[in-house]
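The file protein15.cif comes next; it holds mmCIF, C-alpha atoms and all ligand atoms.
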```cif
data_coords
#
loop_
_atom_site.label_atom_id
_atom_site.label_comp_id
_atom_site.auth_asym_id
_atom_site.auth_seq_id
_atom_site.Cartn_x
_atom_site.Cartn_y
_atom_site.Cartn_z
CA MET A 1 9.73 6.80 8.72
CA ILE A 2 9.99 7.16 4.95
CA ALA A 3 11.94 10.07 3.48
CA PHE A 4 11.89 10.88 -0.24
CA ASP A 5 14.55 13.28 -1.46
CA ASP A 6 14.14 14.85 -4.90
CA LEU A 7 12.74 11.62 -6.34
CA SER A 8 12.00 11.55 -10.08
CA VAL A 9 10.75 8.76 -12.34
CA ARG A 10 10.51 9.01 -16.13
CA PHE A 11 8.77 6.75 -18.60
CA GLY A 12 9.92 8.04 -21.98
CA GLY A 13 8.54 11.55 -22.14
CA VAL A 14 6.28 11.11 -19.09
CA CYS A 15 7.55 12.38 -15.76
CA ALA A 16 5.57 10.08 -13.45
CA LEU A 17 7.31 11.50 -10.36
CA ASP A 18 8.84 14.93 -10.52
CA GLY A 19 11.30 15.97 -7.82
CA LEU A 20 9.33 14.57 -4.89
CA THR A 21 10.64 15.49 -1.45
CA ALA A 22 8.58 14.40 1.55
CA GLU A 23 8.84 12.75 4.97
CA LEU A 24 6.08 10.36 6.00
CA THR A 25 5.96 9.68 9.71
CA ALA A 26 2.39 8.74 10.73
CA PRO A 27 1.50 5.08 11.49
CA VAL A 28 -1.01 5.18 8.61
CA VAL A 29 -0.19 7.58 5.79
CA GLY A 30 -2.66 8.42 3.02
CA LEU A 31 -1.46 8.76 -0.58
CA ILE A 32 -4.01 10.41 -2.83
CA GLY A 33 -4.25 12.28 -6.11
CA PRO A 34 -6.03 12.14 -9.46
CA ASN A 35 -5.59 9.23 -11.88
CA GLY A 36 -2.10 9.28 -13.35
CA ALA A 37 -0.71 11.40 -10.49
CA GLY A 38 2.08 8.89 -9.80
CA LYS A 39 0.70 7.06 -6.74
CA THR A 40 1.24 3.51 -8.01
CA THR A 41 4.61 4.53 -9.46
CA LEU A 42 5.67 5.64 -5.98
CA LEU A 43 4.76 2.21 -4.57
CA ASN A 44 6.60 0.57 -7.48
CA VAL A 45 9.75 2.55 -6.67
CA LEU A 46 9.47 1.64 -2.98
CA SER A 47 9.06 -2.07 -3.73
CA GLY A 48 11.79 -2.07 -6.40
CA PHE A 49 9.77 -2.67 -9.59
CA VAL A 50 10.71 0.72 -10.96
CA THR A 51 14.14 2.35 -10.79
CA PRO A 52 14.02 6.10 -10.33
CA TRP A 53 15.74 8.52 -12.69
CA SER A 54 17.14 10.41 -9.71
CA GLY A 55 16.68 10.94 -5.99
CA LYS A 56 16.95 9.02 -2.73
CA ILE A 57 14.66 7.12 -0.37
CA ARG A 58 15.49 6.49 3.27
CA ILE A 59 13.51 4.10 5.46
CA ASP A 60 14.33 4.66 9.13
CA GLY A 61 17.58 6.17 7.89
CA ALA A 62 18.61 3.26 5.62
CA ASP A 63 19.22 3.78 1.89
CA LEU A 64 16.33 1.82 0.35
CA LEU A 65 17.37 2.12 -3.30
CA ALA A 66 20.64 0.32 -2.55
CA LEU A 67 18.65 -2.82 -1.64
CA SER A 68 17.35 -5.47 -4.08
CA PRO A 69 13.57 -6.09 -4.11
CA ILE A 70 14.10 -9.41 -2.28
CA ARG A 71 16.21 -7.74 0.41
CA ARG A 72 13.46 -5.15 0.87
CA VAL A 73 10.94 -7.94 1.51
CA THR A 74 13.32 -9.57 3.98
CA LEU A 75 13.54 -6.27 5.83
CA GLY A 76 9.76 -6.08 6.09
CA LEU A 77 8.49 -4.25 3.02
CA ARG A 78 5.08 -5.57 1.89
CA ARG A 79 2.53 -4.45 -0.66
CA THR A 80 -0.81 -5.17 -2.22
CA PHE A 81 -1.68 -4.57 -5.86
CA GLN A 82 -4.54 -2.75 -7.59
CA GLN A 83 -5.31 -6.11 -9.27
CA GLU A 84 -5.32 -8.70 -6.47
CA LEU A 85 -2.87 -11.55 -6.98
CA VAL A 86 -4.92 -14.53 -5.80
CA VAL A 87 -4.13 -17.96 -7.24
CA ASP A 88 -7.35 -19.61 -8.54
CA ASP A 89 -6.34 -23.21 -7.81
CA LEU A 90 -5.20 -22.65 -4.22
CA THR A 91 -7.42 -22.24 -1.18
CA LEU A 92 -7.34 -18.86 0.54
CA TRP A 93 -5.22 -20.42 3.28
CA GLU A 94 -2.78 -21.79 0.69
CA ASN A 95 -2.60 -18.41 -1.00
CA VAL A 96 -1.36 -16.91 2.26
CA GLN A 97 0.90 -19.91 2.91
CA ALA A 98 2.59 -19.41 -0.46
CA ILE A 99 3.98 -16.11 0.80
CA ALA A 100 4.95 -17.54 4.19
CA ASP A 101 7.16 -20.09 2.42
CA HIS A 102 9.27 -17.15 1.20
CA VAL A 103 9.46 -14.91 4.23
CA VAL A 104 9.35 -17.22 7.27
CA ARG A 105 12.08 -19.85 7.66
CA ASP A 106 10.65 -21.90 10.49
CA ARG A 107 7.60 -24.02 9.67
CA ALA A 108 5.87 -23.73 13.06
CA ALA A 109 6.39 -19.97 13.06
CA ALA A 110 5.01 -19.79 9.52
CA THR A 111 1.84 -21.67 10.51
CA ALA A 112 1.36 -19.41 13.52
CA ASP A 113 1.78 -16.35 11.29
CA ILE A 114 -0.75 -17.64 8.76
CA GLU A 115 -3.30 -18.45 11.50
CA ARG A 116 -2.87 -15.00 12.97
CA ALA A 117 -3.17 -13.19 9.62
CA ILE A 118 -6.20 -15.25 8.51
CA ALA A 119 -7.94 -14.58 11.84
CA PHE A 120 -7.03 -10.88 11.76
CA VAL A 121 -8.67 -10.33 8.35
CA GLY A 122 -11.66 -12.54 9.29
CA LEU A 123 -11.12 -15.34 6.77
CA GLN A 124 -11.34 -18.27 9.23
CA ARG A 125 -14.59 -19.56 7.80
CA SER A 126 -13.57 -19.23 4.14
CA ARG A 127 -10.00 -20.48 4.51
CA GLN A 128 -10.79 -23.63 2.48
CA VAL A 129 -12.50 -21.72 -0.34
CA LEU A 130 -10.61 -21.92 -3.64
CA GLY A 131 -9.23 -18.65 -5.00
CA ARG A 132 -11.47 -18.90 -8.04
CA HIS A 133 -14.58 -19.00 -5.85
CA ALA A 134 -13.61 -16.12 -3.58
CA ASN A 135 -15.58 -12.89 -3.82
CA LEU A 136 -13.97 -9.46 -4.20
CA PHE A 137 -13.87 -8.78 -0.46
CA GLU A 138 -12.31 -12.17 0.32
CA ARG A 139 -9.70 -11.60 -2.39
CA ARG A 140 -8.82 -8.23 -0.87
CA MET A 141 -8.55 -9.83 2.56
CA VAL A 142 -6.18 -12.48 1.17
CA GLU A 143 -4.01 -9.71 -0.27
CA ILE A 144 -3.93 -7.96 3.09
CA ALA A 145 -3.30 -11.20 5.03
CA LYS A 146 -0.26 -11.85 2.82
CA THR A 147 1.26 -8.50 3.85
CA LEU A 148 1.00 -9.46 7.54
CA ILE A 149 3.24 -12.54 7.27
CA GLY A 150 6.77 -12.44 8.66
CA ARG A 151 7.67 -9.16 10.30
CA PRO A 152 6.18 -6.34 8.23
CA ARG A 153 7.72 -2.92 8.86
CA LEU A 154 6.22 -1.00 6.00
CA ILE A 155 3.05 -2.10 4.21
CA LEU A 156 1.96 -0.41 0.98
CA MET A 157 -1.65 -0.84 -0.14
CA ASP A 158 -2.88 0.17 -3.59
CA GLU A 159 -6.60 0.98 -3.44
CA PRO A 160 -7.75 -1.83 -1.11
CA GLY A 161 -11.18 -0.17 -0.85
CA ALA A 162 -11.94 0.07 -4.58
CA GLY A 163 -15.32 -1.48 -5.46
CA LEU A 164 -16.24 -2.48 -1.89
CA ASN A 165 -19.73 -1.79 -0.56
CA GLU A 166 -20.40 0.27 2.55
CA ALA A 167 -20.39 -2.62 5.03
CA GLU A 168 -17.19 -4.02 3.53
CA THR A 169 -15.53 -0.58 3.61
CA ASP A 170 -16.48 -0.38 7.27
CA ARG A 171 -14.75 -3.68 8.00
CA LEU A 172 -11.73 -2.60 5.97
CA ARG A 173 -11.51 0.69 7.88
CA ARG A 174 -11.46 -1.05 11.27
CA LEU A 175 -8.84 -3.49 10.02
CA LEU A 176 -6.55 -0.79 8.66
CA LEU A 177 -6.77 1.19 11.89
CA ASP A 178 -5.66 -1.88 13.88
CA ILE A 179 -2.74 -2.93 11.68
CA PRO A 180 0.04 -0.56 12.88
CA ALA A 181 -0.33 -1.35 16.60
CA THR A 182 -1.09 -5.06 16.14
CA PHE A 183 1.77 -5.75 13.73
CA ASP A 184 4.14 -2.93 14.73
CA THR A 185 4.36 -1.59 11.19
CA GLN A 186 3.82 1.59 9.22
CA LEU A 187 1.13 1.57 6.51
CA VAL A 188 0.84 3.64 3.35
CA LEU A 189 -2.63 3.63 1.87
CA ILE A 190 -3.69 4.69 -1.62
CA ASP A 191 -7.43 5.15 -2.00
CA HIS A 192 -9.93 7.35 -3.79
CA ASP A 193 -12.38 7.29 -0.88
CA ALA A 194 -11.63 10.53 0.98
CA ASP A 195 -13.81 9.40 3.92
CA LEU A 196 -11.75 6.22 4.32
CA ILE A 197 -8.50 8.19 4.07
CA ALA A 198 -9.73 10.74 6.61
CA ALA A 199 -10.84 7.97 8.99
CA VAL A 200 -7.58 5.99 9.06
CA CYS A 201 -4.71 8.27 7.98
CA ALA A 202 -3.27 10.80 10.44
CA GLU A 203 -1.14 12.22 7.65
CA THR A 204 -1.72 12.44 3.90
CA LEU A 205 0.47 13.15 0.86
CA VAL A 206 -1.28 14.47 -2.24
CA LEU A 207 0.36 14.00 -5.63
CA ASP A 208 -0.59 15.81 -8.82
CA PHE A 209 1.32 15.26 -12.07
CA GLY A 210 4.08 13.56 -10.08
CA LYS A 211 4.58 16.56 -7.82
CA ARG A 212 3.82 17.05 -4.15
CA LEU A 213 0.64 19.11 -4.03
CA ALA A 214 0.16 18.88 -0.26
CA LEU A 215 1.41 17.01 2.82
CA GLY A 216 0.24 17.23 6.42
CA PRO A 217 -2.55 16.27 8.81
CA THR A 218 -5.24 14.63 6.67
CA ARG A 219 -8.17 16.88 7.59
CA ALA A 220 -6.17 20.05 6.88
CA VAL A 221 -4.82 18.62 3.62
CA LEU A 222 -8.27 17.61 2.38
CA ASP A 223 -9.51 21.14 3.12
CA GLU A 224 -6.79 22.88 1.08
CA PRO A 225 -8.35 24.60 -1.94
CA ALA A 226 -5.66 23.27 -4.33
CA VAL A 227 -6.38 19.71 -3.15
CA ARG A 228 -10.13 20.15 -3.46
CA ARG A 229 -9.68 21.42 -7.02
CA ALA A 230 -7.26 18.68 -8.13
CA TYR A 231 -8.58 15.70 -6.23
CA LEU A 232 -12.19 16.26 -5.33
CA GLY A 233 -13.04 18.30 -8.43
CA THR A 234 -14.51 21.13 -6.37
CA ALA A 235 -13.27 24.68 -5.77
N1 LIG B 1 5.30 1.25 -16.92
C1 LIG B 1 4.93 2.45 -17.41
N2 LIG B 1 5.28 2.83 -18.65
C2 LIG B 1 4.93 4.05 -19.14
N3 LIG B 1 4.23 4.96 -18.46
C3 LIG B 1 3.83 4.63 -17.21
C4 LIG B 1 4.15 3.36 -16.63
N4 LIG B 1 3.63 3.33 -15.37
C5 LIG B 1 3.00 4.51 -15.19
N5 LIG B 1 3.13 5.30 -16.29
C6 LIG B 1 2.61 6.66 -16.43
O1 LIG B 1 3.04 7.39 -15.31
C7 LIG B 1 2.01 8.26 -14.83
C8 LIG B 1 1.66 7.90 -13.40
O2 LIG B 1 0.99 6.63 -13.38
P1 LIG B 1 0.55 5.91 -12.03
O3 LIG B 1 1.67 5.93 -11.08
O4 LIG B 1 -0.02 4.60 -12.42
O5 LIG B 1 -0.62 6.87 -11.51
P2 LIG B 1 -1.74 6.65 -10.39
O6 LIG B 1 -1.47 5.37 -9.68
O7 LIG B 1 -1.63 7.86 -9.51
O8 LIG B 1 -3.05 6.63 -11.12
C9 LIG B 1 0.85 8.12 -15.81
O9 LIG B 1 0.97 9.11 -16.78
C10 LIG B 1 1.08 6.74 -16.41
O10 LIG B 1 0.53 6.64 -17.69
MG MG B 2 -2.66 3.60 -9.46
#
```

Re-express the file's structure as structure tokens.
Ligand SMILES: Nc1ncnc2c1ncn2[C@@H]1O[C@H](COP(=O)(O)OP(=O)(O)O)[C@@H](O)[C@H]1O
Ligand SMILES: [Mg+2]
Amino acid sequence: MIAFDDLSVRFGGVCALDGLTAELTAPVVGLIGPNGAGKTTLLNVLSGFVTPWSGKIRIDGADLLALSPIRRVTLGLRRTFQQELVVDDLTLWENVQAIADHVVRDRAAATADIERAIAFVGLQRSRQVLGRHANLFERRMVEIAKTLIGRPRLILMDEPGAGLNEAETDRLRRLLLDIPATFDTQLVLIDHDADLIAAVCAETLVLDFGKRLALGPTRAVLDEPAVRRAYLGTA
């Protein structure tokens, strides 16, 4: 469980997060809101790239902000980025292996983890493809496979569905649904596709101008008039 308590982030005059208080308990939590709402900033605070102006974050009761970014990874925090970080000169397998070198001590265990993650995201047949030759979907799958290495406890994904076609979104949806039970981890998912969010997230947090606009069961949240106005552009 993630608990934010009066969390604020400022960039100069911009208040990217503004007194956010929320508890996220579902296995897959949706994080939505218009562009500039503060979604990526929230992931950056969780992973330690951004230091908040004020507030607290507790993960299963532990004080997250007291931990260095490396310590957070050791404890099972993982994330993907809006721009995938796939190394051109490495194969897809080696891209996943590069992470395993940092989070799994034992070599045999690392290989087993990589095999499992590659199989889970369906990259067995393209494991020898070089990063530079991978298509968008394969790059996304590499990003997701990397989060599954070691013992993830909380995975943060920043728009994994952006730019995917319908069939690819379908595969992504099934994958995301299976992650919490298969890897015993919580997942926070940012996406603009309300159908994808509704299909995989039991609970959703809506941000608007850095503030909590809504939080609760996804269907009910998506039906709130304030959310429809801010996020879906309808009244
Ligand atoms: N490193 C930064 N420096 C200055 N302003 C930033 C920085 N990161 C984000 N912001 C600003 O904070 C606000 C929230 O941005 P962001 O978290 O990226 O929104 P979202 O991911 O919801 O689109 C925006 O106004 C953005 O311009
Ligand atoms: Mg963003």

Dump the neighbourhood of ligand MG 2 (chain B) as a PyMOL selection string: all residues within 10 Å, distances computed on all atoms listed in the file. chain A and resi 32-44+81-82+158-159+190-192

Just give me the residues with any atom within 10 Å of (12.7, 13.1, -8.1), file coordinates, counting only C-alpha atoms, written as a list of chain:residue names.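 Nearby residues: A:Phe4, A:Asp5, A:Asp6, A:Leu7, A:Ser8, A:Val9, A:Arg10, A:Cys15, A:Ala16, A:Leu17, A:Asp18, A:Gly19, A:Leu20, A:Thr21, A:Pro52, A:Trp53, A:Ser54, A:Gly55, A:Lys56, A:Ile57, A:Gly210, A:Lys211.
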
What lies within 12 Å of Ala214 (chain A) using all atoms listed in the file, ignoring chain neighbours under 3 positions off, as a ChimeraX atom specification? /A:20-23,30-33,203-208,210-211,217-228,230-231

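The space between CA of Leu77 (chain A) and CA of Pro180 (chain A) spans 13.5 Å.
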
Pick the closest to Ala98 (chain A) from A:Ile179, A:Ile59, A:Ile149, A:Ala119: which is it, counting all atoms listed in the file? A:Ile149

Excluding Arg173 (chain A) and residues on its chain fewer than 3 positions from it, collect all residues at most 8 Å away from it, counting only C-alpha atoms, and give them as number ranges by chain. A: 169-170, 176-177, 196, 199-200

Atomic distance CA of Pro160 (chain A) - CA of Phe183 (chain A), expressed in Å with one decimal: 18.1 Å

In Å, with one decimal, what is the gap from CA of Gly131 (chain A) to CA of Lys146 (chain A)?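 Straight-line distance from CA of Gly131 (chain A) to CA of Lys146 (chain A) works out to 13.7 Å.
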
Using only C-alpha atoms and all ligand atoms, which of A:Phe49, A:Asp101, A:Asn95, A:Arg79 sits nearest ligand LIG 1 (chain B)? A:Phe49

Go ahead and find all residues with at least one atom no further than 12 Å from (-10.3, -9.3, 5.2) in the file's coordinates, using all atoms listed in the file; report them as a PDB file with C-alpha atoms, keeping the file's coordinate frame.
```pdb
ATOM      1  CA  LEU A  92      -7.340 -18.860   0.540  1.00  0.00           C
ATOM      2  CA  ALA A 117      -3.170 -13.190   9.620  1.00  0.00           C
ATOM      3  CA  ILE A 118      -6.200 -15.250   8.510  1.00  0.00           C
ATOM      4  CA  ALA A 119      -7.940 -14.580  11.840  1.00  0.00           C
ATOM      5  CA  PHE A 120      -7.030 -10.880  11.760  1.00  0.00           C
ATOM      6  CA  VAL A 121      -8.670 -10.330   8.350  1.00  0.00           C
ATOM      7  CA  GLY A 122     -11.660 -12.540   9.290  1.00  0.00           C
ATOM      8  CA  LEU A 123     -11.120 -15.340   6.770  1.00  0.00           C
ATOM      9  CA  GLN A 124     -11.340 -18.270   9.230  1.00  0.00           C
ATOM     10  CA  ARG A 125     -14.590 -19.560   7.800  1.00  0.00           C
ATOM     11  CA  SER A 126     -13.570 -19.230   4.140  1.00  0.00           C
ATOM     12  CA  ARG A 127     -10.000 -20.480   4.510  1.00  0.00           C
ATOM     13  CA  ALA A 134     -13.610 -16.120  -3.580  1.00  0.00           C
ATOM     14  CA  ASN A 135     -15.580 -12.890  -3.820  1.00  0.00           C
ATOM     15  CA  LEU A 136     -13.970  -9.460  -4.200  1.00  0.00           C
ATOM     16  CA  PHE A 137     -13.870  -8.780  -0.460  1.00  0.00           C
ATOM     17  CA  GLU A 138     -12.310 -12.170   0.320  1.00  0.00           C
ATOM     18  CA  ARG A 139      -9.700 -11.600  -2.390  1.00  0.00           C
ATOM     19  CA  ARG A 140      -8.820  -8.230  -0.870  1.00  0.00           C
ATOM     20  CA  MET A 141      -8.550  -9.830   2.560  1.00  0.00           C
ATOM     21  CA  VAL A 142      -6.180 -12.480   1.170  1.00  0.00           C
ATOM     22  CA  GLU A 143      -4.010  -9.710  -0.270  1.00  0.00           C
ATOM     23  CA  ILE A 144      -3.930  -7.960   3.090  1.00  0.00           C
ATOM     24  CA  ALA A 145      -3.300 -11.200   5.030  1.00  0.00           C
ATOM     25  CA  LYS A 146      -0.260 -11.850   2.820  1.00  0.00           C
ATOM     26  CA  THR A 147       1.260  -8.500   3.850  1.00  0.00           C
ATOM     27  CA  LEU A 148       1.000  -9.460   7.540  1.00  0.00           C
ATOM     28  CA  PRO A 160      -7.750  -1.830  -1.110  1.00  0.00           C
ATOM     29  CA  GLY A 161     -11.180  -0.170  -0.850  1.00  0.00           C
ATOM     30  CA  LEU A 164     -16.240  -2.480  -1.890  1.00  0.00           C
ATOM     31  CA  GLU A 168     -17.190  -4.020   3.530  1.00  0.00           C
ATOM     32  CA  THR A 169     -15.530  -0.580   3.610  1.00  0.00           C
ATOM     33  CA  ASP A 170     -16.480  -0.380   7.270  1.00  0.00           C
ATOM     34  CA  ARG A 171     -14.750  -3.680   8.000  1.00  0.00           C
ATOM     35  CA  LEU A 172     -11.730  -2.600   5.970  1.00  0.00           C
ATOM     36  CA  ARG A 173     -11.510   0.690   7.880  1.00  0.00           C
ATOM     37  CA  ARG A 174     -11.460  -1.050  11.270  1.00  0.00           C
ATOM     38  CA  LEU A 175      -8.840  -3.490  10.020  1.00  0.00           C
ATOM     39  CA  LEU A 176      -6.550  -0.790   8.660  1.00  0.00           C
ATOM     40  CA  ILE A 179      -2.740  -2.930  11.680  1.00  0.00           C
TER      41      ILE A 179
END
```

Find, counting all atoms listed in the file, the residue in A:Arg212, A:Arg72, A:Arg116, A:His102 that gets nearest to ligand LIG 1 (chain B).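 The answer is A:Arg212, which sits nearest to ligand LIG 1 (chain B).
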
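Shortest atom-to-atom contact with ligand LIG 1 (chain B) among A:Asp178, A:Ser68, A:Val45, A:Ala109: A:Val45, counting only C-alpha atoms and all ligand atoms.
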
Residue nearest Leu187 (chain A) among A:Val129, A:Val14, A:Val29, A:Ala112 (counting all atoms listed in the file):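 For Leu187 (chain A), the nearest of the candidates is A:Val29.
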
Which residue gives the smallest distance to Leu156 (chain A) among A:Ala66, A:Val104, A:Val73, A:Val87, with all atoms listed in the file counted?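 Nearest candidate to Leu156 (chain A) out of A:Ala66, A:Val104, A:Val73, A:Val87: A:Val73.
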
What lies within 8 Å of Leu154 (chain A) using all atoms listed in the file, ignoring chain neighbours under 6 positions off, as a PDB file with C-alpha atoms, keeping the file's coordinate frame?
```
ATOM      1  CA  GLY A  76       9.760  -6.080   6.090  1.00  0.00           C
ATOM      2  CA  LEU A  77       8.490  -4.250   3.020  1.00  0.00           C
ATOM      3  CA  ARG A  78       5.080  -5.570   1.890  1.00  0.00           C
ATOM      4  CA  THR A 185       4.360  -1.590  11.190  1.00  0.00           C
ATOM      5  CA  GLN A 186       3.820   1.590   9.220  1.00  0.00           C
ATOM      6  CA  LEU A 187       1.130   1.570   6.510  1.00  0.00           C
ATOM      7  CA  VAL A 188       0.840   3.640   3.350  1.00  0.00           C
TER       8      VAL A 188
END
```

May I ask you to restore N, CA and C atoms in region 23-52 of chain A and write the result as a short mmCIF file (atom, residue, chain, number, x, y, z; two decimals), keeping the file's coordinate frame?
```
data_model
loop_
_atom_site.label_atom_id
_atom_site.label_comp_id
_atom_site.auth_asym_id
_atom_site.auth_seq_id
_atom_site.Cartn_x
_atom_site.Cartn_y
_atom_site.Cartn_z
N GLU A 23 8.60 13.69 3.87
CA GLU A 23 8.84 12.75 4.97
C GLU A 23 7.51 12.27 5.51
N LEU A 24 7.35 10.94 5.56
CA LEU A 24 6.08 10.36 6.00
C LEU A 24 6.31 9.66 7.33
N THR A 25 5.65 10.17 8.37
CA THR A 25 5.96 9.68 9.71
C THR A 25 4.78 9.03 10.45
N ALA A 26 3.55 9.26 10.00
CA ALA A 26 2.39 8.74 10.73
C ALA A 26 2.32 7.22 10.62
N PRO A 27 1.67 6.54 11.58
CA PRO A 27 1.50 5.08 11.49
C PRO A 27 0.74 4.67 10.24
N VAL A 28 -0.32 5.43 9.87
CA VAL A 28 -1.01 5.18 8.61
C VAL A 28 -0.98 6.48 7.81
N VAL A 29 -0.35 6.41 6.63
CA VAL A 29 -0.19 7.58 5.79
C VAL A 29 -1.07 7.42 4.55
N GLY A 30 -1.85 8.44 4.24
CA GLY A 30 -2.66 8.42 3.02
C GLY A 30 -1.86 8.92 1.84
N LEU A 31 -2.11 8.31 0.66
CA LEU A 31 -1.46 8.76 -0.58
C LEU A 31 -2.58 8.92 -1.61
N ILE A 32 -2.88 10.17 -1.94
CA ILE A 32 -4.01 10.41 -2.83
C ILE A 32 -3.60 11.32 -3.99
N GLY A 33 -4.50 11.44 -4.94
CA GLY A 33 -4.25 12.28 -6.11
C GLY A 33 -5.04 11.74 -7.28
N PRO A 34 -5.24 12.57 -8.32
CA PRO A 34 -6.03 12.14 -9.46
C PRO A 34 -5.39 10.96 -10.19
N ASN A 35 -6.14 10.31 -11.06
CA ASN A 35 -5.59 9.23 -11.88
C ASN A 35 -4.37 9.72 -12.64
N GLY A 36 -3.32 8.91 -12.64
CA GLY A 36 -2.10 9.28 -13.35
C GLY A 36 -1.19 10.21 -12.57
N ALA A 37 -1.51 10.46 -11.30
CA ALA A 37 -0.71 11.40 -10.49
C ALA A 37 0.66 10.84 -10.12
N GLY A 38 0.80 9.49 -10.16
CA GLY A 38 2.08 8.89 -9.80
C GLY A 38 2.04 8.05 -8.53
N LYS A 39 0.84 7.79 -8.00
CA LYS A 39 0.70 7.06 -6.74
C LYS A 39 1.26 5.64 -6.85
N THR A 40 0.77 4.90 -7.85
CA THR A 40 1.24 3.51 -8.01
C THR A 40 2.72 3.49 -8.35
N THR A 41 3.18 4.45 -9.14
CA THR A 41 4.61 4.53 -9.46
C THR A 41 5.43 4.67 -8.19
N LEU A 42 4.94 5.46 -7.24
CA LEU A 42 5.67 5.64 -5.98
C LEU A 42 5.78 4.30 -5.24
N LEU A 43 4.69 3.53 -5.21
CA LEU A 43 4.76 2.21 -4.57
C LEU A 43 5.71 1.30 -5.33
N ASN A 44 5.70 1.40 -6.67
CA ASN A 44 6.60 0.57 -7.48
C ASN A 44 8.07 0.90 -7.22
N VAL A 45 8.36 2.17 -6.98
CA VAL A 45 9.75 2.55 -6.67
C VAL A 45 10.12 2.00 -5.29
N LEU A 46 9.19 2.13 -4.33
CA LEU A 46 9.47 1.64 -2.98
C LEU A 46 9.71 0.13 -2.98
N SER A 47 8.90 -0.61 -3.78
CA SER A 47 9.06 -2.07 -3.73
C SER A 47 10.13 -2.56 -4.71
N GLY A 48 10.65 -1.69 -5.56
CA GLY A 48 11.79 -2.07 -6.40
C GLY A 48 11.43 -2.49 -7.81
N PHE A 49 10.17 -2.33 -8.22
CA PHE A 49 9.77 -2.67 -9.59
C PHE A 49 10.18 -1.61 -10.58
N VAL A 50 10.34 -0.40 -10.10
CA VAL A 50 10.71 0.72 -10.96
C VAL A 50 11.95 1.38 -10.37
N THR A 51 12.92 1.66 -11.24
CA THR A 51 14.14 2.35 -10.79
C THR A 51 14.00 3.83 -11.09
N PRO A 52 14.20 4.67 -10.07
CA PRO A 52 14.02 6.10 -10.33
C PRO A 52 15.13 6.69 -11.20
#
```
